[in-house]
Amino acid sequence: MLIDSHQRLWFSTSFAVFRYDLQRDELRRYNYDRAFWGEIGDNYQNCFLEDSRGEIWLGSAGSRLFRYLPEQDSFEVIHTRNSGIIGDYIVDLAESPEGYLLVATNRGFSRFDTQERVFRNYPVQDISPLSAINERGLSTTSHGEIVMGGFNGMAILREKELEFVRPDFRIHFTGLWVNNHPVYQDDETGILRESLLYTPEIRLGHRHTTVSVEYSVSNYVRLLREPVEYRLEGFDSDWIAASEGNRITYTNLRPGSYIIHLRSPDEQVGKSLRIVVRSPFYATWVAWVCYMILFSH
């Protein structure tokens, strides 16, 4: 519940949000309904907050963040599809020492500049040893600290510590195996003319039916937490989460053109390598032209 600066009591139930004017003895009900823009989703509200500018914020259990619009007596809906917020399941709200809205979710928390309408996101594992933030587990202190509570402990940090610059995160292909034999630059196979790091395409013969690629990332801690996803275009229909280790293997590749894609789960970083498996001579278009000439005589 929340009593705001206008002496209005805000509270939620399993089916609606209510605003009770303590001075006028008036009750207003806002139904849960995801279908209407001005209503409050279809999940109960976990938390309420009035910030230092007098704006009322509601955080829901799975159906987004809401800002009260007093002129329309309705709500602005903020979610992952129309903004940069980190998640839609809101577990707590707070105002930071510097005046930003802190939105804690089941995926981490966002620091929201409500004037510039810009979100900056912090997965909780990036800034603390916690695995998640509990409901009602976010608070701030008068000394400029942000306090987070989780089932495996509590973390305290200063807001200025959030102003770090993340190092670049890159993915590289670092090893190649064909028919279970390693391939090196300028070896007898002739497959790699230069380092695999700088090779956009490899060409294989029709007997090369098993291909393995090895990859590495520039942020090993990130890799442990968020495994790389991969997909062989022309072979796989969906993205696949890489298992333990850093080698990907495909067998029984038919002649054709493929592209193996690697990416981070947030799709911000990726790498691709084209793999061309040549057809045997008897199945090429040149061979078919020869067949036609022979049969025509």
# chains A, B, ... in the order shown; residues from 1 in each chain; ligands from 1
call {"tool": "select_by_dssp", "arguments": {"residues": "segment 56-246 of chain A", "states": "alpha helix (DSSP H)", "output": "JSON, numbers by chain"}}
result
{"A": [124, 125, 126, 127, 220, 221, 222, 223, 224, 225]}
call {"tool": "write_last_selection", "arguments": {"atoms": "N, CA, C and O atoms", "output": "PDB file, in the first residue's frame"}}
result
ATOM      1  N   VAL A 124      21.616  -8.336 -12.229  1.00  0.00           N
ATOM      2  CA  VAL A 124      22.052  -8.314 -10.830  1.00  0.00           C
ATOM      3  C   VAL A 124      23.375  -9.036 -10.639  1.00  0.00           C
ATOM      4  O   VAL A 124      24.197  -8.661  -9.801  1.00  0.00           O
ATOM      5  N   GLN A 125      23.650 -10.067 -11.460  1.00  0.00           N
ATOM      6  CA  GLN A 125      24.915 -10.796 -11.312  1.00  0.00           C
ATOM      7  C   GLN A 125      26.115  -9.980 -11.764  1.00  0.00           C
ATOM      8  O   GLN A 125      27.255 -10.291 -11.422  1.00  0.00           O
ATOM      9  N   ASP A 126      25.876  -8.904 -12.552  1.00  0.00           N
ATOM     10  CA  ASP A 126      26.982  -8.061 -13.001  1.00  0.00           C
ATOM     11  C   ASP A 126      27.509  -7.168 -11.897  1.00  0.00           C
ATOM     12  O   ASP A 126      28.661  -6.717 -11.948  1.00  0.00           O
ATOM     13  N   ILE A 127      26.679  -6.859 -10.923  1.00  0.00           N
ATOM     14  CA  ILE A 127      27.061  -5.858  -9.922  1.00  0.00           C
ATOM     15  C   ILE A 127      27.041  -6.388  -8.502  1.00  0.00           C
ATOM     16  O   ILE A 127      27.316  -5.639  -7.564  1.00  0.00           O
ATOM     17  N   TYR A 220      35.178 -14.019 -20.342  1.00  0.00           N
ATOM     18  CA  TYR A 220      34.931 -15.395 -19.918  1.00  0.00           C
ATOM     19  C   TYR A 220      33.861 -15.467 -18.837  1.00  0.00           C
ATOM     20  O   TYR A 220      33.059 -16.406 -18.803  1.00  0.00           O
ATOM     21  N   VAL A 221      33.815 -14.472 -17.952  1.00  0.00           N
ATOM     22  CA  VAL A 221      32.789 -14.465 -16.901  1.00  0.00           C
ATOM     23  C   VAL A 221      31.409 -14.369 -17.531  1.00  0.00           C
ATOM     24  O   VAL A 221      30.465 -15.048 -17.130  1.00  0.00           O
ATOM     25  N   ARG A 222      31.265 -13.562 -18.581  1.00  0.00           N
ATOM     26  CA  ARG A 222      29.988 -13.434 -19.281  1.00  0.00           C
ATOM     27  C   ARG A 222      29.595 -14.768 -19.901  1.00  0.00           C
ATOM     28  O   ARG A 222      28.435 -15.173 -19.859  1.00  0.00           O
ATOM     29  N   LEU A 223      30.569 -15.488 -20.449  1.00  0.00           N
ATOM     30  CA  LEU A 223      30.273 -16.774 -21.084  1.00  0.00           C
ATOM     31  C   LEU A 223      29.748 -17.780 -20.063  1.00  0.00           C
ATOM     32  O   LEU A 223      28.821 -18.538 -20.348  1.00  0.00           O
ATOM     33  N   LEU A 224      30.320 -17.796 -18.857  1.00  0.00           N
ATOM     34  CA  LEU A 224      29.871 -18.732 -17.836  1.00  0.00           C
ATOM     35  C   LEU A 224      28.423 -18.484 -17.460  1.00  0.00           C
ATOM     36  O   LEU A 224      27.666 -19.401 -17.163  1.00  0.00           O
ATOM     37  N   ARG A 225      28.015 -17.212 -17.461  1.00  0.00           N
ATOM     38  CA  ARG A 225      26.663 -16.876 -17.026  1.00  0.00           C
ATOM     39  C   ARG A 225      25.654 -16.970 -18.167  1.00  0.00           C
ATOM     40  O   ARG A 225      24.500 -17.326 -17.954  1.00  0.00           O
TER      41      ARG A 225
END
call {"tool": "residues_around", "arguments": {"residues": "segment 99-109 of chain A", "least_positions_apart": "3", "cutoff": "9 Å", "atoms": "only C-alpha atoms", "output": "JSON, numbers by chain"}}
result
{"A": [51, 52, 59, 65, 85, 86, 87, 88, 89, 90, 91, 92, 93, 94, 95, 96, 112, 113, 114, 120, 121, 122, 123, 124, 125, 126, 132, 133, 134, 135, 136, 137, 138]}
call {"tool": "residues_around", "arguments": {"residues": "Ala241 of chain A", "least_positions_apart": "5", "cutoff": "10 Å", "atoms": "only C-alpha atoms", "output": "NGL selection string"}}
result
:A and (226-231 or 262-265)
call {"tool": "write_last_selection", "arguments": {"atoms": "N, CA, C and O atoms", "output": "PDB file, in the first residue's frame"}}
result
ATOM      1  N   GLU A 226      26.067 -16.607 -19.368  1.00  0.00           N
ATOM      2  CA  GLU A 226      25.151 -16.579 -20.506  1.00  0.00           C
ATOM      3  C   GLU A 226      25.775 -17.356 -21.663  1.00  0.00           C
ATOM      4  O   GLU A 226      26.516 -16.789 -22.464  1.00  0.00           O
ATOM      5  N   PRO A 227      25.527 -18.641 -21.765  1.00  0.00           N
ATOM      6  CA  PRO A 227      26.142 -19.435 -22.832  1.00  0.00           C
ATOM      7  C   PRO A 227      25.806 -18.889 -24.215  1.00  0.00           C
ATOM      8  O   PRO A 227      24.725 -18.349 -24.452  1.00  0.00           O
ATOM      9  N   VAL A 228      26.749 -19.056 -25.118  1.00  0.00           N
ATOM     10  CA  VAL A 228      26.566 -18.628 -26.504  1.00  0.00           C
ATOM     11  C   VAL A 228      25.484 -19.482 -27.169  1.00  0.00           C
ATOM     12  O   VAL A 228      25.309 -20.652 -26.846  1.00  0.00           O
ATOM     13  N   GLU A 229      24.749 -18.871 -28.082  1.00  0.00           N
ATOM     14  CA  GLU A 229      23.779 -19.597 -28.898  1.00  0.00           C
ATOM     15  C   GLU A 229      24.329 -19.739 -30.314  1.00  0.00           C
ATOM     16  O   GLU A 229      25.081 -18.878 -30.784  1.00  0.00           O
ATOM     17  N   TYR A 230      23.930 -20.805 -30.999  1.00  0.00           N
ATOM     18  CA  TYR A 230      24.422 -20.999 -32.353  1.00  0.00           C
ATOM     19  C   TYR A 230      23.307 -21.558 -33.241  1.00  0.00           C
ATOM     20  O   TYR A 230      22.331 -22.140 -32.774  1.00  0.00           O
ATOM     21  N   ARG A 231      23.497 -21.377 -34.551  1.00  0.00           N
ATOM     22  CA  ARG A 231      22.552 -21.918 -35.542  1.00  0.00           C
ATOM     23  C   ARG A 231      23.288 -22.066 -36.859  1.00  0.00           C
ATOM     24  O   ARG A 231      24.019 -21.164 -37.276  1.00  0.00           O
ATOM     25  N   LEU A 262      27.066 -17.517 -34.512  1.00  0.00           N
ATOM     26  CA  LEU A 262      27.170 -17.494 -33.060  1.00  0.00           C
ATOM     27  C   LEU A 262      26.665 -16.145 -32.576  1.00  0.00           C
ATOM     28  O   LEU A 262      26.870 -15.124 -33.237  1.00  0.00           O
ATOM     29  N   ARG A 263      26.027 -16.130 -31.413  1.00  0.00           N
ATOM     30  CA  ARG A 263      25.569 -14.857 -30.872  1.00  0.00           C
ATOM     31  C   ARG A 263      25.441 -14.960 -29.354  1.00  0.00           C
ATOM     32  O   ARG A 263      25.316 -16.041 -28.787  1.00  0.00           O
ATOM     33  N   SER A 264      25.459 -13.810 -28.700  1.00  0.00           N
ATOM     34  CA  SER A 264      25.129 -13.740 -27.283  1.00  0.00           C
ATOM     35  C   SER A 264      23.611 -13.785 -27.148  1.00  0.00           C
ATOM     36  O   SER A 264      22.882 -13.417 -28.078  1.00  0.00           O
ATOM     37  N   PRO A 265      23.091 -14.243 -25.999  1.00  0.00           N
ATOM     38  CA  PRO A 265      21.631 -14.356 -25.847  1.00  0.00           C
ATOM     39  C   PRO A 265      20.891 -13.042 -26.036  1.00  0.00           C
ATOM     40  O   PRO A 265      19.730 -13.043 -26.430  1.00  0.00           O
TER      41      PRO A 265
END
call {"tool": "closest_residue", "arguments": {"among": "A:Ser60, A:Asn31, A:Leu157, A:Phe18", "to": "Thr140 of chain A", "atoms": "only C-alpha atoms"}}
result
A:Leu157
call {"tool": "atom_distance", "arguments": {"atom1": "atom CA of Asn179 of chain A", "atom2": "atom CA of Thr199 of chain A"}}
result
19.3 Å
call {"tool": "atom_distance", "arguments": {"atom1": "atom CA of Ser5 of chain A", "atom2": "atom CA of Leu69 of chain A"}}
result
15.3 Å
call {"tool": "closest_residue", "arguments": {"among": "A:Arg111, A:Arg24, A:Arg53, A:Arg19", "to": "Ser74 of chain A", "atoms": "only C-alpha atoms"}}
result
A:Arg19
call {"tool": "atom_distance", "arguments": {"atom1": "atom CA of His79 of chain A", "atom2": "atom CA of Arg170 of chain A"}}
result
28.2 Å
call {"tool": "residues_around", "arguments": {"residues": "Val178 of chain A", "least_positions_apart": "6", "cutoff": "9 Å", "atoms": "only C-alpha atoms", "output": "list in words"}}
result
Leu204, His208, Thr209, Thr210, Val211, Ser212 and Val213 of chain A
call {"tool": "decode", "arguments": {"residues": "segment 122-142 of chain A", "atoms": "N, CA and C atoms", "output": "compact mmCIF listing (two decimals), in the first residue's frame"}}
result
# COMPACT_ATOMS: atom_id res chain seq x y z
N TYR A 122 21.07 -3.20 -15.45
CA TYR A 122 22.12 -3.85 -14.68
C TYR A 122 21.64 -5.25 -14.28
N PRO A 123 22.03 -6.28 -15.03
CA PRO A 123 21.76 -7.64 -14.54
C PRO A 123 22.37 -7.80 -13.16
N VAL A 124 21.62 -8.34 -12.23
CA VAL A 124 22.05 -8.31 -10.83
C VAL A 124 23.37 -9.04 -10.64
N GLN A 125 23.65 -10.07 -11.46
CA GLN A 125 24.91 -10.80 -11.31
C GLN A 125 26.12 -9.98 -11.76
N ASP A 126 25.88 -8.90 -12.55
CA ASP A 126 26.98 -8.06 -13.00
C ASP A 126 27.51 -7.17 -11.90
N ILE A 127 26.68 -6.86 -10.92
CA ILE A 127 27.06 -5.86 -9.92
C ILE A 127 27.04 -6.39 -8.50
N SER A 128 26.70 -7.66 -8.32
CA SER A 128 26.63 -8.21 -6.97
C SER A 128 26.76 -9.73 -7.02
N PRO A 129 26.99 -10.36 -5.87
CA PRO A 129 27.01 -11.83 -5.83
C PRO A 129 25.63 -12.46 -5.73
N LEU A 130 24.58 -11.65 -5.73
CA LEU A 130 23.22 -12.18 -5.60
C LEU A 130 22.80 -12.86 -6.89
N SER A 131 21.96 -13.87 -6.77
CA SER A 131 21.41 -14.53 -7.95
C SER A 131 20.12 -13.86 -8.42
N ALA A 132 19.44 -13.14 -7.52
CA ALA A 132 18.20 -12.45 -7.87
C ALA A 132 17.86 -11.49 -6.73
N ILE A 133 16.96 -10.55 -7.03
CA ILE A 133 16.46 -9.63 -6.02
C ILE A 133 15.10 -10.11 -5.55
N ASN A 134 14.91 -10.15 -4.25
CA ASN A 134 13.63 -10.57 -3.70
C ASN A 134 12.56 -9.51 -3.91
N GLU A 135 11.29 -9.92 -3.83
CA GLU A 135 10.21 -8.95 -3.79
C GLU A 135 10.38 -8.07 -2.55
N ARG A 136 10.19 -6.76 -2.75
CA ARG A 136 10.41 -5.76 -1.71
C ARG A 136 11.85 -5.80 -1.21
N GLY A 137 12.77 -6.13 -2.09
CA GLY A 137 14.16 -6.29 -1.70
C GLY A 137 15.07 -5.18 -2.18
N LEU A 138 14.52 -4.00 -2.47
CA LEU A 138 15.33 -2.89 -2.96
C LEU A 138 15.08 -1.67 -2.09
N SER A 139 16.17 -0.99 -1.69
CA SER A 139 16.03 0.21 -0.86
C SER A 139 17.22 1.12 -1.11
N THR A 140 17.13 2.37 -0.65
CA THR A 140 18.23 3.31 -0.75
C THR A 140 18.45 3.97 0.60
N THR A 141 19.64 4.55 0.79
CA THR A 141 19.96 5.22 2.05
C THR A 141 20.28 6.68 1.79
N SER A 142 20.31 7.47 2.86
CA SER A 142 20.62 8.89 2.75
C SER A 142 22.09 9.13 2.47
